[in-house]
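This is query-v8.pdb. It holds PDB, C-alpha atoms, pLDDT in the B column.
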```pdb
ATOM      1  CA  MET A   1      78.229  96.581 104.920  1.00 69.00           C
ATOM      2  CA  TRP A   2      80.548  96.341 101.933  1.00 78.00           C
ATOM      3  CA  ILE A   3      82.328  98.979  99.867  1.00 83.00           C
ATOM      4  CA  MET A   4      82.913  97.693  96.347  1.00 85.00           C
ATOM      5  CA  VAL A   5      86.292  98.751  94.926  1.00 89.00           C
ATOM      6  CA  GLY A   6      86.283  99.480  91.201  1.00 89.00           C
ATOM      7  CA  LEU A   7      88.845  99.421  88.401  1.00 92.00           C
ATOM      8  CA  ASP A   8      92.076 101.224  89.314  1.00 93.00           C
ATOM      9  CA  GLN A   9      90.663 102.389  92.629  1.00 93.00           C
ATOM     10  CA  TRP A  10      92.480 102.265  95.981  1.00 95.00           C
ATOM     11  CA  ILE A  11      90.234 102.528  99.032  1.00 92.00           C
ATOM     12  CA  ALA A  12      91.224 102.274 102.710  1.00 92.00           C
ATOM     13  CA  ILE A  13      89.017 102.107 105.786  1.00 88.00           C
ATOM     14  CA  ASN A  14      89.317 101.497 109.514  1.00 85.00           C
ATOM     15  CA  GLY A  15      88.600  97.792 109.435  1.00 81.00           C
ATOM     16  CA  ARG A  16      87.712  97.137 113.069  1.00 78.00           C
ATOM     17  CA  GLU A  17      85.809 100.284 114.005  1.00 78.00           C
ATOM     18  CA  ALA A  18      82.063 100.616 113.849  1.00 76.00           C
ATOM     19  CA  GLN A  19      81.268 103.128 111.114  1.00 75.00           C
ATOM     20  CA  GLN A  20      78.192 105.105 110.152  1.00 72.00           C
ATOM     21  CA  TRP A  21      76.701 104.065 106.817  1.00 70.00           C
ATOM     22  CA  PRO A  22      74.310 106.286 104.840  1.00 67.00           C
ATOM     23  CA  GLY A  23      70.718 105.427 104.165  1.00 66.00           C
ATOM     24  CA  PRO A  24      67.313 105.627 105.790  1.00 68.00           C
ATOM     25  CA  PRO A  25      67.854 105.080 108.694  1.00 69.00           C
ATOM     26  CA  PRO A  26      71.665 105.259 109.052  1.00 67.00           C
ATOM     27  CA  VAL A  27      73.275 102.040 110.265  1.00 70.00           C
ATOM     28  CA  THR A  28      76.403 101.638 112.394  1.00 74.00           C
ATOM     29  CA  GLU A  29      78.342  98.558 111.311  1.00 74.00           C
ATOM     30  CA  ILE A  30      81.836  97.181 110.791  1.00 76.00           C
ATOM     31  CA  GLY A  31      82.946  97.770 107.200  1.00 78.00           C
ATOM     32  CA  HIS A  32      84.373  95.491 104.535  1.00 83.00           C
ATOM     33  CA  LEU A  33      86.048  96.142 101.194  1.00 87.00           C
ATOM     34  CA  ALA A  34      85.498  93.870  98.201  1.00 86.00           C
ATOM     35  CA  THR A  35      86.268  93.670  94.491  1.00 88.00           C
ATOM     36  CA  ARG A  36      85.680  91.131  91.738  1.00 84.00           C
ATOM     37  CA  GLY A  37      86.204  90.357  88.065  1.00 84.00           C
ATOM     38  CA  LEU A  38      89.980  89.864  88.033  1.00 88.00           C
ATOM     39  CA  SER A  39      90.265  88.614  84.451  1.00 87.00           C
ATOM     40  CA  GLY A  40      93.771  89.900  83.794  1.00 88.00           C
ATOM     41  CA  CYS A  41      93.539  92.429  86.616  1.00 92.00           C
ATOM     42  CA  VAL A  42      95.134  92.058  90.060  1.00 95.00           C
ATOM     43  CA  GLY A  43      93.547  92.488  93.470  1.00 94.00           C
ATOM     44  CA  LEU A  44      95.940  94.159  95.925  1.00 95.00           C
ATOM     45  CA  ALA A  45      95.009  94.153  99.610  1.00 92.00           C
ATOM     46  CA  VAL A  46      97.068  95.606 102.455  1.00 92.00           C
ATOM     47  CA  SER A  47      96.423  95.517 106.197  1.00 89.00           C
ATOM     48  CA  TRP A  48      98.012  97.176 109.228  1.00 89.00           C
ATOM     49  CA  GLU A  49      98.200  95.694 112.720  1.00 85.00           C
ATOM     50  CA  SER A  50      96.141  98.572 114.121  1.00 84.00           C
ATOM     51  CA  GLY A  51      93.179  97.422 112.024  1.00 85.00           C
ATOM     52  CA  GLN A  52      93.184  99.568 108.907  1.00 88.00           C
ATOM     53  CA  ILE A  53      92.729  97.829 105.565  1.00 90.00           C
ATOM     54  CA  ALA A  54      93.164  98.909 101.952  1.00 93.00           C
ATOM     55  CA  LEU A  55      92.095  97.257  98.714  1.00 93.00           C
ATOM     56  CA  ALA A  56      92.931  98.104  95.100  1.00 95.00           C
ATOM     57  CA  HIS A  57      91.786  96.629  91.778  1.00 94.00           C
ATOM     58  CA  VAL A  58      94.776  97.129  89.457  1.00 94.00           C
ATOM     59  CA  PHE A  59      93.960  97.016  85.754  1.00 91.00           C
ATOM     60  CA  SER A  60      95.918  94.684  83.465  1.00 86.00           C
ATOM     61  CA  ALA A  61      97.141  97.743  81.504  1.00 81.00           C
ATOM     62  CA  CYS A  62      99.638  98.198  84.346  1.00 82.00           C
ATOM     63  CA  THR A  63     102.759  96.951  82.551  1.00 77.00           C
ATOM     64  CA  ASP A  64     106.402  97.970  82.520  1.00 72.00           C
ATOM     65  CA  GLY A  65     105.977  99.547  79.110  1.00 64.00           C
ATOM     66  CA  THR A  66     106.875  96.471  77.061  1.00 59.00           C
ATOM     67  CA  GLY A  67     103.290  95.333  76.764  1.00 51.00           C
ATOM     68  CA  THR A  68     100.089  96.892  75.477  1.00 53.00           C
ATOM     69  CA  PRO A  69      99.321  99.731  75.770  1.00 53.00           C
ATOM     70  CA  PRO A  70     102.722 101.439  75.930  1.00 54.00           C
ATOM     71  CA  GLY A  71     103.120 104.877  77.454  1.00 58.00           C
ATOM     72  CA  LEU A  72     100.419 106.283  79.729  1.00 62.00           C
ATOM     73  CA  ASN A  73      99.229 104.084  82.613  1.00 66.00           C
ATOM     74  CA  THR A  74     102.305 101.874  82.493  1.00 82.00           C
ATOM     75  CA  TRP A  75     104.350 101.198  85.616  1.00 87.00           C
ATOM     76  CA  ASP A  76     106.918 103.951  85.074  1.00 83.00           C
ATOM     77  CA  GLY A  77     104.998 105.989  82.528  1.00 73.00           C
ATOM     78  CA  PRO A  78     104.150 109.653  83.068  1.00 72.00           C
ATOM     79  CA  ASP A  79     102.085 109.724  86.244  1.00 79.00           C
ATOM     80  CA  GLY A  80     102.214 105.906  86.077  1.00 86.00           C
ATOM     81  CA  TYR A  81     101.031 103.202  88.418  1.00 92.00           C
ATOM     82  CA  ARG A  82     104.071 103.184  90.706  1.00 92.00           C
ATOM     83  CA  ALA A  83     103.764 106.926  91.366  1.00 91.00           C
ATOM     84  CA  LYS A  84     100.015 106.578  91.942  1.00 93.00           C
ATOM     85  CA  LEU A  85     100.470 103.627  94.320  1.00 96.00           C
ATOM     86  CA  ASP A  86     103.224 105.489  96.196  1.00 95.00           C
ATOM     87  CA  HIS A  87     100.855 108.426  96.663  1.00 95.00           C
ATOM     88  CA  ALA A  88      97.924 106.230  97.707  1.00 96.00           C
ATOM     89  CA  LEU A  89     100.046 104.379 100.267  1.00 96.00           C
ATOM     90  CA  ALA A  90     101.504 107.619 101.612  1.00 95.00           C
ATOM     91  CA  MET A  91      98.071 109.236 101.990  1.00 94.00           C
ATOM     92  CA  THR A  92      96.721 106.122 103.707  1.00 94.00           C
ATOM     93  CA  GLN A  93      99.625 105.802 106.113  1.00 93.00           C
ATOM     94  CA  ALA A  94      99.484 109.518 106.914  1.00 92.00           C
ATOM     95  CA  ALA A  95      96.013 108.835 108.321  1.00 90.00           C
ATOM     96  CA  ILE A  96      97.219 105.892 110.449  1.00 89.00           C
ATOM     97  CA  PRO A  97      99.171 106.800 113.627  1.00 86.00           C
ATOM     98  CA  GLY A  98     102.578 105.100 113.565  1.00 87.00           C
ATOM     99  CA  ALA A  99     101.780 103.222 110.353  1.00 86.00           C
ATOM    100  CA  THR A 100     105.309 102.909 109.028  1.00 81.00           C
ATOM    101  CA  GLU A 101     106.626 101.728 112.409  1.00 82.00           C
ATOM    102  CA  GLN A 102     104.117  98.903 112.689  1.00 80.00           C
ATOM    103  CA  LYS A 103     105.733  95.472 112.549  1.00 75.00           C
ATOM    104  CA  TYR A 104     102.701  93.886 110.899  1.00 78.00           C
ATOM    105  CA  ARG A 105     101.915  95.307 107.486  1.00 84.00           C
ATOM    106  CA  TYR A 106     100.762  92.539 105.206  1.00 89.00           C
ATOM    107  CA  GLY A 107      99.827  92.381 101.528  1.00 91.00           C
ATOM    108  CA  VAL A 108      97.926  89.917  99.355  1.00 92.00           C
ATOM    109  CA  LEU A 109      97.994  89.738  95.548  1.00 94.00           C
ATOM    110  CA  VAL A 110      95.147  87.885  93.810  1.00 93.00           C
ATOM    111  CA  PHE A 111      95.066  87.167  90.068  1.00 93.00           C
ATOM    112  CA  SER A 112      93.287  84.987  87.501  1.00 92.00           C
ATOM    113  CA  GLU A 113      96.227  83.342  85.731  1.00 93.00           C
ATOM    114  CA  PRO A 114      97.980  80.124  86.842  1.00 94.00           C
ATOM    115  CA  GLN A 115     101.345  81.927  87.040  1.00 95.00           C
ATOM    116  CA  PRO A 116     102.153  85.483  88.142  1.00 93.00           C
ATOM    117  CA  THR A 117     101.910  88.011  85.319  1.00 91.00           C
ATOM    118  CA  ARG A 118     104.310  90.899  84.866  1.00 88.00           C
ATOM    119  CA  THR A 119     101.776  93.091  86.675  1.00 91.00           C
ATOM    120  CA  VAL A 120     101.878  90.735  89.674  1.00 94.00           C
ATOM    121  CA  GLU A 121     105.674  90.798  89.654  1.00 93.00           C
ATOM    122  CA  LEU A 122     105.715  94.601  89.601  1.00 93.00           C
ATOM    123  CA  LEU A 123     103.220  94.830  92.465  1.00 95.00           C
ATOM    124  CA  ALA A 124     105.102  92.211  94.508  1.00 96.00           C
ATOM    125  CA  GLY A 125     108.296  94.202  94.046  1.00 95.00           C
ATOM    126  CA  TRP A 126     106.512  97.384  95.086  1.00 96.00           C
ATOM    127  CA  LEU A 127     105.261  95.744  98.292  1.00 96.00           C
ATOM    128  CA  LYS A 128     108.771  94.480  99.055  1.00 95.00           C
ATOM    129  CA  ASP A 129     110.245  97.939  98.406  1.00 94.00           C
ATOM    130  CA  ASN A 130     107.824  99.265 101.024  1.00 93.00           C
ATOM    131  CA  CYS A 131     108.785  96.538 103.539  1.00 90.00           C
ATOM    132  CA  ILE A 132     105.369  94.889 103.280  1.00 91.00           C
ATOM    133  CA  SER A 133     105.417  91.073 103.303  1.00 89.00           C
ATOM    134  CA  SER A 134     102.967  89.465 100.902  1.00 90.00           C
ATOM    135  CA  ALA A 135     101.351  86.276  99.635  1.00 92.00           C
ATOM    136  CA  GLN A 136      99.952  85.422  96.198  1.00 94.00           C
ATOM    137  CA  TYR A 137      96.734  83.644  95.197  1.00 92.00           C
ATOM    138  CA  SER A 138      96.571  82.431  91.577  1.00 93.00           C
ATOM    139  CA  GLU A 139      93.716  81.205  89.372  1.00 92.00           C
ATOM    140  CA  TRP A 140      91.024  83.339  90.952  1.00 89.00           C
ATOM    141  CA  SER A 141      89.069  85.174  88.280  1.00 79.00           C
ATOM    142  CA  GLY A 142      85.420  85.501  89.253  1.00 76.00           C
ATOM    143  CA  CYS A 143      86.233  85.667  92.950  1.00 78.00           C
ATOM    144  CA  ASP A 144      85.472  88.193  95.635  1.00 79.00           C
ATOM    145  CA  VAL A 145      88.659  89.658  97.076  1.00 81.00           C
ATOM    146  CA  SER A 146      87.706  91.189 100.395  1.00 81.00           C
ATOM    147  CA  ALA A 147      89.355  92.959 103.283  1.00 80.00           C
ATOM    148  CA  GLY A 148      87.396  92.676 106.498  1.00 76.00           C
ATOM    149  CA  PRO A 149      87.501  93.362 110.234  1.00 70.00           C
ATOM    150  CA  GLU A 150      88.792  90.018 111.503  1.00 69.00           C
ATOM    151  CA  GLU A 151      91.777  90.640 113.781  1.00 60.00           C
ATOM    152  CA  ASP A 152      93.860  87.663 112.677  1.00 57.00           C
ATOM    153  CA  ASP A 153      92.869  87.353 109.027  1.00 61.00           C
ATOM    154  CA  ASP A 154      92.130  90.683 107.405  1.00 68.00           C
ATOM    155  CA  MET A 155      92.044  89.434 103.851  1.00 76.00           C
ATOM    156  CA  ASP A 156      90.092  86.687 102.175  1.00 79.00           C
ATOM    157  CA  VAL A 157      89.526  85.229  98.712  1.00 79.00           C
ATOM    158  CA  SER A 158      86.200  83.486  98.188  1.00 79.00           C
ATOM    159  CA  GLU A 159      83.687  82.417  95.594  1.00 76.00           C
ATOM    160  CA  PRO A 160      81.471  85.247  94.323  1.00 72.00           C
ATOM    161  CA  LYS A 161      78.621  86.182  96.610  1.00 69.00           C
ATOM    162  CA  SER A 162      75.516  88.212  95.947  1.00 63.00           C
ATOM    163  CA  LEU A 163      76.215  91.099  98.302  1.00 57.00           C
ATOM    164  CA  ILE A 164      72.858  92.662  98.966  1.00 53.00           C
ATOM    165  CA  ASN A 165      74.095  95.345 101.360  1.00 63.00           C
ATOM    166  CA  TYR A 166      76.790  97.174  99.466  1.00 68.00           C
ATOM    167  CA  LEU A 167      77.973 100.653  98.606  1.00 71.00           C
ATOM    168  CA  ILE A 168      79.873 101.742  95.549  1.00 68.00           C
ATOM    169  CA  THR A 169      82.038 104.808  95.156  1.00 63.00           C
ATOM    170  CA  PRO A 170      82.489 107.710  94.442  1.00 59.00           C
ATOM    171  CA  ALA A 171      81.180 109.956  97.163  1.00 54.00           C
ATOM    172  CA  GLU A 172      77.763 110.723  95.697  1.00 56.00           C
ATOM    173  CA  ASN A 173      76.672 107.558  97.488  1.00 59.00           C
ATOM    174  CA  GLY A 174      77.062 109.423 100.773  1.00 65.00           C
ATOM    175  CA  LEU A 175      80.392 107.910 101.837  1.00 75.00           C
ATOM    176  CA  THR A 176      82.132 109.988 104.495  1.00 73.00           C
ATOM    177  CA  TRP A 177      85.743 110.473 105.501  1.00 72.00           C
ATOM    178  CA  GLY A 178      87.892 110.396 108.619  1.00 71.00           C
ATOM    179  CA  PRO A 179      87.295 109.022 112.141  1.00 67.00           C
ATOM    180  CA  GLY A 180      83.822 107.498 112.307  1.00 68.00           C
ATOM    181  CA  GLY A 181      83.498 107.632 108.534  1.00 73.00           C
ATOM    182  CA  GLN A 182      83.796 104.908 105.961  1.00 79.00           C
ATOM    183  CA  MET A 183      87.003 105.875 104.187  1.00 85.00           C
ATOM    184  CA  ILE A 184      90.376 107.150 105.286  1.00 88.00           C
ATOM    185  CA  ALA A 185      91.653 107.181 101.680  1.00 91.00           C
ATOM    186  CA  CYS A 186      90.175 106.886  98.191  1.00 89.00           C
ATOM    187  CA  GLU A 187      92.535 107.290  95.246  1.00 91.00           C
ATOM    188  CA  ALA A 188      92.427 106.795  91.478  1.00 92.00           C
ATOM    189  CA  LEU A 189      95.391 104.792  90.189  1.00 93.00           C
ATOM    190  CA  SER A 190      94.996 105.879  86.554  1.00 88.00           C
ATOM    191  CA  GLU A 191      92.840 107.944  84.230  1.00 85.00           C
ATOM    192  CA  LEU A 192      90.888 104.733  83.592  1.00 86.00           C
ATOM    193  CA  ALA A 193      89.653 104.506  87.185  1.00 88.00           C
ATOM    194  CA  HIS A 194      85.947 104.123  87.776  1.00 86.00           C
ATOM    195  CA  ALA A 195      83.611 102.901  90.480  1.00 82.00           C
ATOM    196  CA  ALA A 196      82.568  99.280  90.799  1.00 79.00           C
ATOM    197  CA  ASP A 197      79.478  97.978  89.109  1.00 71.00           C
ATOM    198  CA  PRO A 198      76.744  96.835  91.457  1.00 62.00           C
ATOM    199  CA  PRO A 199      76.853  93.096  92.259  1.00 57.00           C
ATOM    200  CA  THR A 200      74.702  90.904  90.023  1.00 56.00           C
ATOM    201  CA  ARG A 201      71.899  89.345  92.025  1.00 48.00           C
ATOM    202  CA  SER A 202      71.064  85.745  91.322  1.00 43.00           C
ATOM    203  CA  SER A 203      67.458  85.121  90.261  1.00 36.00           C
TER
END
```
Using structure tokens, write down the structure from this file.
Amino acid sequence: MWIMVGLDQWIAINGREAQQWPGPPPVTEIGHLATRGLSGCVGLAVSWESGQIALAHVFSACTDGTGTPPGLNTWDGPDGYRAKLDHALAMTQAAIPGATEQKYRYGVLVFSEPQPTRTVELLAGWLKDNCISSAQYSEWSGCDVSAGPEEDDDMDVSEPKSLINYLITPAENGLTWGPGGQMIACEALSELAHAADPPTRSS
């Protein structure tokens, strides 16, 4: 089962534990996170060696204030992206025993342009500041960026798929929290945050 991560959302789950998914009847299954539509936006995925995974879809309005729009929702603006990401990471790691002591914390940045944008540079610097090594994948626009349960490769970039079994947030879809639940963290990164649109099914 897949949780679709929407614009300016950060979601984290236990990536290698069987989790209870809502619906008639409930299904126990390993969970995945996915997002798509990165035209100007950046996919940010983070994994921990103990199996937790987080995925964010960072809107292209995340700039250092020199771009458009200035002010709110910029990197260092009032209640800006850096503060929101710091809070999301802290809340996620608070739910992971020994998270900050883990040797393997790995990040991936995925974007649609051929060269890193200023948003990518800011996010890469943020990962480095938090002692998280990272890799970058350019020229992916209509891709699926997913974080899954595989022990040796928690993050993947692939061509868009029609994901039939999916859930979108927020919690009115029946998503539950904590051990045995789907999500250990779900944060809005700006006032623009909203849930993912359902995948488009091919005819």
Using the chain letters and residue numbers of this document, give as a PyMOL selection string the residues selected by the PyMOL selection byres ((chain A and resi 110-114) around 6). chain A and resi 38-39+42-43+109+115+136-141
Given the file shown, determine the residues that the PyMOL selection byres ((chain A and resi 84-87) around 10) selects; report them as a PyMOL selection string. chain A and resi 8+10+56+58+73+75+79-83+88-93+123+126+130+187-190
Can you measure CA of Val145 in chain A to CA of Tyr104 in chain A for me? One decimal in Å is fine.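 Answer for the CA of Val145 in chain A to CA of Tyr104 in chain A separation: 20.2 Å.
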What is the distance between CA of His32 in chain A and CA of Arg118 in chain A, in Å to one decimal?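 Computed distance, CA of His32 in chain A to CA of Arg118 in chain A, equals 28.4 Å.
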Please indicate the distance in Å from CA of Pro149 in chain A to CA of Trp2 in chain A, rounded to one decimal place.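 Result for CA of Pro149 in chain A versus CA of Trp2 in chain A: 11.2 Å, one decimal.
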Skip Arg105 in chain A itself and residues of its chain fewer than 5 positions away, then list as number ranges by chain all residues within 9 Å of it, counting all atoms listed in the file. A: 46-49, 99-100, 131-134
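Take the candidates A:Thr35, A:Gln19, A:Asn14, A:Thr119 and check each one against Ala195 in chain A using all atoms listed in the file; the shortest distance goes to A:Thr35.
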